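Okay, coords.csv now, which holds CSV, C-alpha atoms:
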```csv
chain,number,residue,atom,x,y,z
A,1,MET,CA,0.0,0.0,0.0
A,2,ASN,CA,1.2,3.5,-0.9
A,3,THR,CA,2.5,5.1,2.4
A,4,ARG,CA,0.6,8.4,1.9
A,5,VAL,CA,-2.7,6.6,1.1
A,6,TYR,CA,-2.1,4.3,4.1
A,7,LEU,CA,-1.5,7.2,6.5
A,8,ARG,CA,-4.5,9.1,5.1
A,9,ASN,CA,-6.7,6.1,5.7
A,10,PHE,CA,-5.4,5.6,9.2
A,11,LEU,CA,-6.1,9.2,10.2
A,12,LEU,CA,-9.6,9.1,8.7
A,13,MET,CA,-10.4,5.7,10.4
A,14,PRO,CA,-13.1,5.9,13.1
A,15,ARG,CA,-11.5,5.4,16.6
A,16,LYS,CA,-12.7,3.5,19.6
A,17,ASN,CA,-12.4,5.0,23.0
A,18,LYS,CA,-9.0,4.2,24.5
A,19,ALA,CA,-9.1,2.1,27.6
A,20,THR,CA,-6.9,0.1,29.9
A,21,LEU,CA,-7.2,-3.7,30.4
A,22,ALA,CA,-9.3,-3.1,33.5
A,23,ASP,CA,-12.0,-1.4,31.4
A,24,PHE,CA,-12.4,-4.6,29.4
A,25,GLU,CA,-13.4,-6.5,32.5
A,26,SER,CA,-16.8,-8.1,32.1
A,27,PRO,CA,-19.2,-6.3,34.5
A,28,GLU,CA,-20.7,-9.7,35.3
A,29,ILE,CA,-19.0,-13.1,36.0
A,30,VAL,CA,-21.3,-16.1,36.1
A,31,GLU,CA,-20.1,-19.2,37.9
A,32,ASN,CA,-21.3,-22.3,36.2
A,33,THR,CA,-20.6,-25.9,35.2
A,34,LEU,CA,-20.5,-26.8,31.5
A,35,TYR,CA,-20.0,-30.0,29.5
A,36,LEU,CA,-16.6,-30.0,27.9
A,37,ASP,CA,-18.1,-30.5,24.5
A,38,GLN,CA,-19.9,-27.2,24.9
A,39,ILE,CA,-16.6,-25.4,24.9
A,40,GLY,CA,-14.5,-24.7,21.8
A,41,LEU,CA,-10.9,-23.6,21.6
A,42,SER,CA,-10.1,-20.0,20.5
A,43,ASP,CA,-7.8,-18.8,17.7
A,44,LEU,CA,-7.0,-15.9,20.0
A,45,ASN,CA,-5.3,-18.0,22.6
A,46,PRO,CA,-1.6,-16.9,22.7
A,47,ARG,CA,-0.4,-20.4,23.6
A,48,ARG,CA,0.4,-22.6,20.7
A,49,TYR,CA,2.7,-25.2,22.4
A,50,PHE,CA,1.5,-27.4,25.1
A,51,ASP,CA,4.0,-29.7,26.8
A,52,PRO,CA,2.3,-33.1,27.0
A,53,VAL,CA,4.4,-34.1,30.0
A,54,LYS,CA,3.2,-31.0,31.9
A,55,ILE,CA,-0.4,-31.6,30.9
A,56,GLN,CA,-0.2,-35.1,32.3
A,57,GLU,CA,1.4,-33.8,35.5
A,58,LEU,CA,-1.5,-31.4,35.9
A,59,ALA,CA,-4.0,-34.1,35.3
A,60,ASP,CA,-2.2,-36.4,37.9
A,61,SER,CA,-2.2,-33.5,40.4
A,62,PHE,CA,-5.9,-33.0,39.9
A,63,GLN,CA,-6.7,-36.7,40.3
A,64,GLU,CA,-4.7,-36.7,43.5
A,65,HIS,CA,-5.9,-33.5,45.1
A,66,GLU,CA,-9.2,-32.9,43.2
A,67,MET,CA,-8.4,-29.2,42.9
A,68,LEU,CA,-8.8,-28.3,39.2
A,69,THR,CA,-9.6,-24.6,39.2
A,70,SER,CA,-12.2,-23.1,37.0
A,71,ILE,CA,-11.6,-21.9,33.4
A,72,THR,CA,-12.9,-18.7,31.8
A,73,VAL,CA,-15.2,-18.9,28.8
A,74,ARG,CA,-17.3,-16.4,26.8
A,75,PRO,CA,-20.6,-17.0,24.9
A,76,VAL,CA,-20.3,-17.1,21.1
A,77,LYS,CA,-22.7,-17.3,18.2
A,78,GLY,CA,-22.4,-18.8,14.8
A,79,LYS,CA,-20.1,-21.6,15.8
A,80,ASP,CA,-20.5,-25.3,16.5
A,81,TYR,CA,-20.3,-24.7,20.2
A,82,PRO,CA,-22.0,-22.1,22.5
A,83,TYR,CA,-18.9,-21.2,24.5
A,84,GLU,CA,-15.3,-20.3,23.6
A,85,LEU,CA,-12.3,-20.8,25.9
A,86,VAL,CA,-10.7,-17.5,27.0
A,87,ALA,CA,-8.2,-18.7,29.7
A,88,GLY,CA,-7.3,-22.0,31.1
A,89,GLU,CA,-6.5,-24.2,28.2
A,90,ARG,CA,-4.0,-26.4,30.1
A,91,ARG,CA,-6.7,-27.1,32.7
A,92,TYR,CA,-9.2,-27.8,29.9
A,93,ARG,CA,-6.8,-30.3,28.2
A,94,ALA,CA,-6.1,-31.9,31.6
A,95,ALA,CA,-9.8,-32.4,32.2
A,96,LYS,CA,-10.2,-34.0,28.8
A,97,LEU,CA,-7.2,-36.2,29.4
A,98,LEU,CA,-8.9,-37.5,32.6
A,99,GLY,CA,-12.0,-38.2,30.7
A,100,LEU,CA,-14.1,-35.7,32.6
A,101,SER,CA,-17.4,-34.7,31.1
A,102,THR,CA,-17.9,-31.4,32.9
A,103,ILE,CA,-15.8,-28.5,34.2
A,104,GLU,CA,-16.3,-25.5,36.4
A,105,VAL,CA,-16.3,-22.2,34.4
A,106,LYS,CA,-16.5,-18.5,34.8
A,107,VAL,CA,-18.7,-17.1,32.0
A,108,ARG,CA,-17.9,-13.6,30.8
A,109,ASP,CA,-19.3,-11.5,28.0
A,110,LEU,CA,-16.0,-10.4,26.3
A,111,SER,CA,-14.9,-8.9,23.0
A,112,ASP,CA,-12.1,-10.3,20.9
A,113,ARG,CA,-9.8,-7.6,22.2
A,114,ALA,CA,-10.7,-8.3,25.8
A,115,SER,CA,-10.4,-12.0,25.4
A,116,LEU,CA,-6.9,-11.7,24.0
A,117,ALA,CA,-5.8,-9.2,26.6
A,118,ILE,CA,-7.0,-11.3,29.5
A,119,ALA,CA,-5.3,-14.4,28.0
A,120,ILE,CA,-2.0,-12.6,27.7
A,121,GLU,CA,-2.3,-11.3,31.2
A,122,GLU,CA,-3.1,-14.7,32.7
A,123,ASN,CA,-0.4,-16.5,30.9
A,124,SER,CA,2.2,-13.8,31.7
A,125,ASN,CA,1.3,-14.0,35.4
A,126,ARG,CA,1.8,-17.8,35.3
A,127,GLU,CA,4.9,-17.5,33.1
A,128,ASP,CA,3.3,-19.9,30.7
A,129,LEU,CA,3.9,-18.2,27.4
A,130,ASN,CA,7.2,-18.8,25.5
A,131,PRO,CA,8.7,-15.6,23.9
A,132,ILE,CA,7.4,-16.5,20.5
A,133,GLU,CA,3.8,-16.9,21.7
A,134,GLU,CA,4.0,-13.7,23.8
A,135,THR,CA,5.4,-11.7,20.9
A,136,SER,CA,2.8,-12.9,18.4
A,137,ALA,CA,0.0,-12.3,20.9
A,138,ILE,CA,1.1,-8.7,21.7
A,139,LEU,CA,1.5,-8.0,18.0
A,140,LYS,CA,-2.1,-9.3,17.4
A,141,LEU,CA,-3.3,-7.2,20.4
A,142,ILE,CA,-1.8,-4.0,18.8
A,143,CYS,CA,-3.5,-4.9,15.5
A,144,LEU,CA,-6.8,-5.1,17.3
A,145,ASP,CA,-6.2,-1.9,19.1
A,146,THR,CA,-5.2,0.1,16.0
A,147,GLN,CA,-7.4,-1.8,13.5
A,148,LEU,CA,-4.3,-2.2,11.3
A,149,GLU,CA,-2.6,-5.2,9.5
A,150,LYS,CA,0.4,-6.8,11.1
A,151,ASP,CA,2.9,-5.6,8.4
A,152,ASP,CA,1.7,-2.0,8.8
A,153,VAL,CA,1.9,-2.2,12.6
A,154,THR,CA,5.4,-3.7,12.5
A,155,SER,CA,6.6,-0.9,10.2
A,156,LEU,CA,5.2,1.8,12.4
A,157,LEU,CA,6.6,0.3,15.6
A,158,TYR,CA,10.1,0.4,14.1
A,159,LYS,CA,9.6,4.0,13.1
A,160,MET,CA,8.4,4.9,16.7
A,161,VAL,CA,11.5,3.4,18.3
A,162,LYS,CA,13.8,5.1,15.8
A,163,GLY,CA,12.1,8.5,16.7
A,164,ARG,CA,10.5,9.0,13.3
A,165,ASP,CA,7.1,10.5,12.8
A,166,VAL,CA,4.0,8.2,13.0
A,167,PRO,CA,0.3,9.1,13.3
A,168,THR,CA,-0.4,10.5,16.8
A,169,ASP,CA,-3.4,8.3,17.3
A,170,PHE,CA,-1.3,5.2,16.5
A,171,GLN,CA,1.5,6.3,19.0
A,172,GLU,CA,-1.0,7.0,21.8
A,173,GLN,CA,-2.8,3.7,21.3
A,174,VAL,CA,0.5,1.7,21.3
A,175,GLU,CA,1.7,3.5,24.4
A,176,LEU,CA,-1.6,2.7,26.1
A,177,THR,CA,-1.3,-1.0,25.1
A,178,PHE,CA,2.1,-1.3,26.6
A,179,ALA,CA,1.1,0.5,29.7
A,180,SER,CA,-1.5,-2.2,30.3
A,181,LEU,CA,1.1,-5.0,29.7
A,182,LYS,CA,3.4,-3.7,32.4
A,183,ASN,CA,6.1,-6.4,32.1
A,184,LEU,CA,7.4,-5.4,28.7
A,185,SER,CA,8.5,-2.1,27.3
A,186,LEU,CA,7.9,-0.9,23.7
A,187,SER,CA,11.7,-0.6,23.1
A,188,THR,CA,12.4,-4.1,24.3
A,189,PHE,CA,9.5,-5.5,22.3
A,190,VAL,CA,10.6,-3.9,19.0
A,191,LYS,CA,14.4,-4.3,19.4
A,192,ASP,CA,14.5,-7.8,20.9
A,193,ARG,CA,11.2,-9.5,20.4
A,194,LEU,CA,10.1,-8.8,16.9
A,195,ARG,CA,13.2,-10.3,15.3
A,196,ILE,CA,12.4,-13.6,17.1
A,197,LEU,CA,9.6,-14.2,14.6
A,198,LYS,CA,12.1,-14.1,11.7
A,199,LEU,CA,14.4,-16.8,13.2
A,200,PRO,CA,15.0,-20.1,11.3
A,201,GLU,CA,12.4,-22.7,11.9
A,202,ALA,CA,14.7,-25.1,13.8
A,203,ILE,CA,15.5,-22.3,16.3
A,204,LEU,CA,11.9,-21.2,16.6
A,205,SER,CA,10.9,-24.8,17.4
A,206,ALA,CA,13.6,-25.1,20.1
A,207,ILE,CA,12.4,-21.8,21.7
A,208,GLU,CA,8.8,-22.9,21.6
A,209,ARG,CA,9.6,-26.2,23.3
A,210,GLY,CA,11.5,-24.3,26.1
A,211,SER,CA,14.8,-26.0,25.1
A,212,LEU,CA,16.5,-22.8,24.2
A,213,ASP,CA,16.4,-19.2,25.5
A,214,TYR,CA,15.4,-16.8,22.8
A,215,THR,CA,18.5,-14.6,23.3
A,216,LYS,CA,20.7,-17.7,22.5
A,217,GLY,CA,18.6,-18.4,19.5
A,218,ILE,CA,19.2,-14.9,18.1
A,219,LEU,CA,22.9,-15.4,18.5
A,220,ILE,CA,22.9,-18.8,16.8
A,221,ALA,CA,20.8,-17.4,13.9
A,222,ARG,CA,23.8,-15.2,13.0
A,223,ILE,CA,25.3,-18.2,11.3
A,224,LYS,CA,24.1,-18.3,7.8
A,225,ASP,CA,25.4,-21.8,6.9
A,226,GLU,CA,22.5,-24.2,7.9
A,227,THR,CA,24.8,-27.1,8.7
A,228,PHE,CA,27.0,-25.2,11.1
A,229,ARG,CA,24.0,-23.5,12.6
A,230,ASP,CA,22.0,-26.7,13.2
A,231,SER,CA,25.1,-28.3,14.7
A,232,LEU,CA,25.7,-25.4,17.1
A,233,LEU,CA,21.9,-25.4,18.0
A,234,GLN,CA,22.0,-29.1,18.9
A,235,GLU,CA,25.2,-28.6,21.0
A,236,ALA,CA,23.7,-25.6,22.7
A,237,ILE,CA,20.6,-27.5,23.7
A,238,GLU,CA,22.3,-30.8,24.7
A,239,GLN,CA,25.2,-29.2,26.6
A,240,ASN,CA,23.2,-26.2,27.9
A,241,LEU,CA,25.9,-23.8,26.6
A,242,SER,CA,26.0,-20.4,28.2
A,243,HIS,CA,25.4,-17.2,26.2
A,244,ALA,CA,29.1,-16.4,26.3
A,245,GLU,CA,30.1,-19.9,25.1
A,246,ILE,CA,27.7,-19.6,22.1
A,247,LYS,CA,29.0,-16.2,21.3
A,248,VAL,CA,32.6,-17.5,21.1
A,249,GLN,CA,31.6,-20.4,18.9
A,250,VAL,CA,29.6,-18.1,16.6
A,251,SER,CA,32.6,-15.9,16.2
A,252,GLU,CA,34.8,-18.9,15.4
A,253,ILE,CA,32.4,-20.2,12.8
A,254,GLN,CA,32.0,-16.8,11.2
A,255,GLY,CA,35.7,-16.4,11.1
A,256,LYS,CA,36.3,-19.5,9.1
A,257,LYS,CA,36.6,-19.4,5.3
A,258,GLN,CA,33.4,-20.5,3.7
A,259,TYR,CA,33.6,-22.4,0.4
A,260,ASP,CA,30.9,-22.5,-2.2
A,261,LEU,CA,30.7,-26.2,-2.6
A,262,LYS,CA,28.8,-25.9,-5.9
A,263,ASP,CA,32.0,-24.3,-7.4
A,264,LEU,CA,34.4,-26.8,-5.9
A,265,PRO,CA,35.3,-29.7,-8.3
A,266,THR,CA,34.1,-33.1,-7.1
A,267,ASP,CA,37.6,-34.6,-7.1
A,268,GLU,CA,39.0,-31.8,-5.1
A,269,LEU,CA,36.1,-32.1,-2.6
A,270,VAL,CA,36.8,-35.8,-2.2
A,271,SER,CA,40.5,-35.1,-1.7
A,272,ASN,CA,39.7,-32.5,1.0
A,273,VAL,CA,37.5,-34.9,2.8
A,274,LYS,CA,40.3,-37.5,2.8
A,275,GLN,CA,42.8,-34.9,4.0
A,276,THR,CA,40.5,-33.8,6.8
A,277,TYR,CA,40.0,-37.4,7.9
A,278,SER,CA,43.7,-38.0,7.9
A,279,LYS,CA,44.4,-34.9,10.0
A,280,LEU,CA,41.6,-35.8,12.4
A,281,SER,CA,43.0,-39.3,12.9
A,282,ARG,CA,46.5,-37.9,13.8
A,283,LYS,CA,45.1,-35.2,16.2
A,284,LYS,CA,44.9,-37.6,19.2
A,285,GLU,CA,44.6,-34.7,21.7
A,286,LEU,CA,41.2,-33.8,20.2
A,287,TRP,CA,39.7,-37.1,21.2
A,288,HIS,CA,40.7,-36.6,24.8
A,289,ASN,CA,39.0,-33.2,25.1
A,290,PRO,CA,35.3,-33.9,25.9
A,291,LYS,CA,34.1,-30.6,24.3
A,292,ASN,CA,36.0,-31.2,21.1
A,293,ARG,CA,35.0,-34.9,21.0
A,294,ARG,CA,31.3,-33.8,21.3
A,295,LYS,CA,31.7,-31.4,18.3
A,296,ILE,CA,33.2,-34.3,16.2
A,297,GLU,CA,30.3,-36.5,17.2
A,298,LEU,CA,27.8,-33.9,16.2
A,299,LEU,CA,29.5,-33.4,12.8
A,300,LEU,CA,29.5,-37.1,12.2
A,301,LYS,CA,25.9,-37.3,13.1
A,302,ASN,CA,25.1,-34.6,10.5
A,303,LEU,CA,27.1,-36.4,7.9
A,304,ASN,CA,25.3,-39.6,8.5
A,305,GLN,CA,21.9,-37.9,8.3
A,306,LEU,CA,23.0,-36.4,5.0
A,307,LEU,CA,24.0,-39.8,3.7
A,308,GLU,CA,20.7,-41.4,4.8
A,309,ALA,CA,18.6,-38.6,3.2
```

Structure rendered as structure tokens:
Amino acid sequence: MNTRVYLRNFLLMPRKNKATLADFESPEIVENTLYLDQIGLSDLNPRRYFDPVKIQELADSFQEHEMLTSITVRPVKGKDYPYELVAGERRYRAAKLLGLSTIEVKVRDLSDRASLAIAIEENSNREDLNPIEETSAILKLICLDTQLEKDDVTSLLYKMVKGRDVPTDFQEQVELTFASLKNLSLSTFVKDRLRILKLPEAILSAIERGSLDYTKGILIARIKDETFRDSLLQEAIEQNLSHAEIKVQVSEIQGKKQYDLKDLPTDELVSNVKQTYSKLSRKKELWHNPKNRRKIELLLKNLNQLLEA
């Protein structure tokens, strides 16, 4: 979209009254018991990854103590179910795992924006969201608040942080959104969090599973060569490498001369492989260093996977 046309449309767009999260609280909360098949899952839920082990632990805990707390739902129309889950999907999944037919609920009449905001708040308080889920959810929240598409929101956020001019209404609404979040600043979100969504798939998956801190993932992503990157990713997870250790290895890999194997003659490539194997066989000290030995094992594993592909 042409920038001038976009800004004109934004400024002419009808605005909702600005409000904090508290203003979206339903004036009435109805305690009730519903059948599980009356409740559908929401696309607005920030959580996308559910650790099956933790769901099982929650189910076991409930079975032992009979203390599965209520979940929050909202009434919906035009769907295959009369209620939609707002908060408490882990408890919902645990109840289904146990084969329960009903569950205690709090019914609240909530908008899409309110549902998403409450889900973010609850998960943040419980520290349930991984950084990818939280970043995606906050971005979606800003889209709802400003009535803009994700790409437009992202572009304007970068401009805000760089001190460039953006529509006043947009800036005020974004500042209000982050004021309601409390635990994350706009600057941190834009400079650190948004780039998480652009990380390679293998790194994103590791962060979602909770196997890798997102700051380590950003470091590893600096390596452009996929083989070296995946090897370091695996080592970082299995050996729980520190941020400093990863940084050293990234520097070492980036400092190596990278060959374009497509331009390397096959005979020469075969010769280089043989020379490398010969050197490796003679370097006995490498085999006695646990860290170096682990690197060799990872490289061999990658080679074997390549051969089996």

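Taking all atoms listed in the file into account, Gly88 of chain A lies nearest to A:Glu122 out of the set A:Asp169, A:Glu122, A:Glu308, A:Glu201.
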
When you count all atoms listed in the file, which of these residues is closest to Lys191 of chain A: A:Phe178, A:Tyr214, A:Phe62, A:Tyr158?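 Distance minimum relative to Lys191 of chain A lands on A:Tyr158.
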
Return the single residue from A:Ile120, A:Ile237, A:Ile103, A:Leu58 that is closest to Ala87 of chain A, with distances computed using all atoms listed in the file.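 Closest to Ala87 of chain A of all the choices is A:Ile120.
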
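Shortest atom-to-atom contact with Leu300 of chain A among A:Leu85, A:Leu219, A:Pro167, A:Ser231: A:Ser231, counting only C-alpha atoms.
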
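Taking atom CA of Ala244 of chain A and atom CA of Pro290 of chain A as endpoints, the distance between them is 18.6 Å.
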
Nearby residues, (-21.9, -22.5, 30.2) file frame, 8 Å, all atoms listed in the file, as an NGL selection string: :A and (32-35 or 38 or 73 or 75 or 82-83 or 105 or 107)

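The residue that comes closest to Ala236 of chain A, out of A:Ile220, A:Val76, A:Val30, A:Leu194 and on the basis of all atoms listed in the file, is A:Ile220.
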